Amino acid sequence: MRIPFIDLPGQYRQSKKVIEHELNRLFGRGDFILGESVKDFERSFASYIHSPYALGVNSGTDALFLGLLSLEIGRGDEVIVPAYTYIASAFAVTYTGARPVFADIDEDTFNIDPHTIERAVTKRTKAIMPVHLYGQAADMGPIRVIARKHGLRIIEDTAQAHGATYRITENRLQRTEKKTGSMGDIGAFSFYPTKNLGAFGDAGLIATSNGQLYKKLRKLRDYGRISKYVHGSVGFNSRLDSVQAVFLNAKLRHLDAWNQKRVNVAGMYNKYLGDISGVRLPRAAGYGKHVYHIYAIRVSNRDKVLEGLVAAGVSAAVHYPVPLHLQPVYKNLGYRRGDLPVAERVCRDVLCLPIHPHITEKQVAYIAQTLKRLVKNV
Ligand SMILES: Cc1ncc(COP(=O)(O)O)c(C=O)c1O
């Protein structure tokens, strides 16, 4: 049996009719850059995450980078980033001239550990970048408390968690369920094709509830433009294409249903893998909805198990084998092995199993059975 890590053609088939209809309309209009479809998508997505403002950009990396620039973060500043995430989270900080300072993660949720954030704060710290990894919100309650205490901004990297939620305690009596990307100063989304909401190429979005930041970001993504050929500040070409916006708008209608299917698949894995000793299953923290962008287990002898799965036709993968503080590119920051032990341990034994809305129970059962055999024999 061949089981892919993700099934993008399956997603396309479900939204094909709407996409074809809307693309025909777009081709008739010809507004390919920041056109009507982009505005439509920005409105729909802002409403989906309950954020007053949303701005389409060309990638998740640019969403983070422009978000940091709008907060006036640059040379001499520090931004706290988890040591275990995709490299783009830290690169966005580096692009601004600021320094990423790495915090460790929680052993069970893979997300940034608020205790280690507090220890990483210095006089130069300007912001915290929680990354909602694998589809689960970081523990935003304590993170917001630390940010308030030290006067720090929050930029959420929610590239992997479209539609995930977190219950914020507003006061003793009231808890509000918030979507990731709507809890900080800036929420940065990636729509890289494999994400829970994926475009058919590169795309991203910045969310904010701050009208001033929104105005700044509009200029930053489009050459600092005040009017067609008048430029008030240095800006970038980071615009969302209308074609991508058409795809995203059509797929957004399915996002909640697809996320629910991912939750169901995670439930199947939990059921089939629950009794294998030596396999640690992912934990959904009780504070919100996990949308399982990735289903990550932990297993000793990981590389051998991965080899066996791939040989049996299962496209398992390792996200991520090297923590950011030990990446060659960040050698100059002076971190050593052992500095962030949880992230380092996870990199050694994490293993991501195929999960997507169209995977079948038969396929999950086959993966579980293969894994059982491998764990016993390697
Ligand atoms: C956690 C995280 N941050 C940032 C990014 C960057 O997004 P993009 O590839 O759209 O630039 C990604 C994904 O690629 C990601 O997984």
# chains A, B, ... in the order shown; residues from 1 in each chain; ligands from 1
call {"tool": "select_by_dssp", "arguments": {"residues": "range 162-320 of chain A", "states": "strand (DSSP E or B)", "output": "VMD selection string"}}
result
chain A and resid 165 to 169 175 to 179 186 to 190 204 to 208 222 225 to 227 230 to 231 237 241 279 to 280 295 to 299 314 317
call {"tool": "residues_near_ligand", "arguments": {"ligand": "ligand 1", "cutoff": "9 Å", "atoms": "only C-alpha atoms and all ligand atoms", "output": "MDAnalysis selection string"}}
result
chainID A and resid 58:64 85:90 92 131:134 157:161 188:195 201:204
call {"tool": "residues_around", "arguments": {"residues": "Cys347 in chain A", "least_positions_apart": "2", "cutoff": "8 Å", "atoms": "only C-alpha atoms", "output": "ChimeraX atom specification"}}
result
/A:319-323,343-345,349-350
call {"tool": "residues_around", "arguments": {"residues": "range 218-235 of chain A", "least_positions_apart": "3", "cutoff": "9 Å", "atoms": "only C-alpha atoms", "output": "PyMOL selection string"}}
result
chain A and resi 55-58+62+66+69-70+213-215+238-239
call {"tool": "residues_around", "arguments": {"residues": "Tyr295 in chain A", "least_positions_apart": "2", "cutoff": "10 Å", "atoms": "only C-alpha atoms", "output": "list in words"}}
result
Tyr134, Gly135, Arg262, Val263, Val265, Ala266, Tyr269, Asn270, Leu281, Pro282, Arg283, Val291, Tyr292, His293, Ile297, Leu351, Cys352, Leu353, Pro354, Ile355 and His356 of chain A
call {"tool": "closest_residue", "arguments": {"among": "A:Met183, A:Val93, A:Ile143, A:Leu252", "to": "Ala207 in chain A", "atoms": "only C-alpha atoms"}}
result
A:Met183
call {"tool": "select_by_dssp", "arguments": {"residues": "range 8-235 of chain A", "states": "alpha helix (DSSP H)", "output": "PyMOL selection string"}}
result
chain A and resi 8-29+36-49+60-70+87-95+114-120+140-150+211-220
call {"tool": "closest_residue", "arguments": {"among": "A:Gly30, A:Gly163, A:Pro82, A:Gly74", "to": "Ala257 in chain A", "atoms": "only C-alpha atoms"}}
result
A:Gly163
call {"tool": "closest_residue", "arguments": {"among": "A:Gly35, A:Gly181, A:Gly151, A:Gly211", "to": "Lys123 in chain A", "atoms": "only C-alpha atoms"}}
result
A:Gly151
call {"tool": "atom_distance", "arguments": {"atom1": "CA of Glu118 in chain A", "atom2": "CA of Thr208 in chain A"}}
result
24.5 Å
call {"tool": "closest_residue", "arguments": {"among": "A:Thr94, A:Asn196, A:Ser37, A:Gln260", "to": "Ile6 in chain A", "atoms": "only C-alpha atoms"}}
result
A:Asn196
call {"tool": "atom_distance", "arguments": {"atom1": "CA of Asp256 in chain A", "atom2": "CA of Ala138 in chain A"}}
result
19.7 Å
call {"tool": "closest_residue", "arguments": {"among": "A:Gly286, A:Gly187, A:Leu273, A:Val375", "to": "Ser300 in chain A", "atoms": "only C-alpha atoms"}}
result
A:Val375
call {"tool": "atom_distance", "arguments": {"atom1": "CA of Leu205 in chain A", "atom2": "CA of Ala284 in chain A"}}
result
25.9 Å
call {"tool": "closest_residue", "arguments": {"among": "A:Ala368, A:Val342, A:Asp303, A:Gly184", "to": "Asn111 in chain A", "atoms": "only C-alpha atoms"}}
result
A:Val342
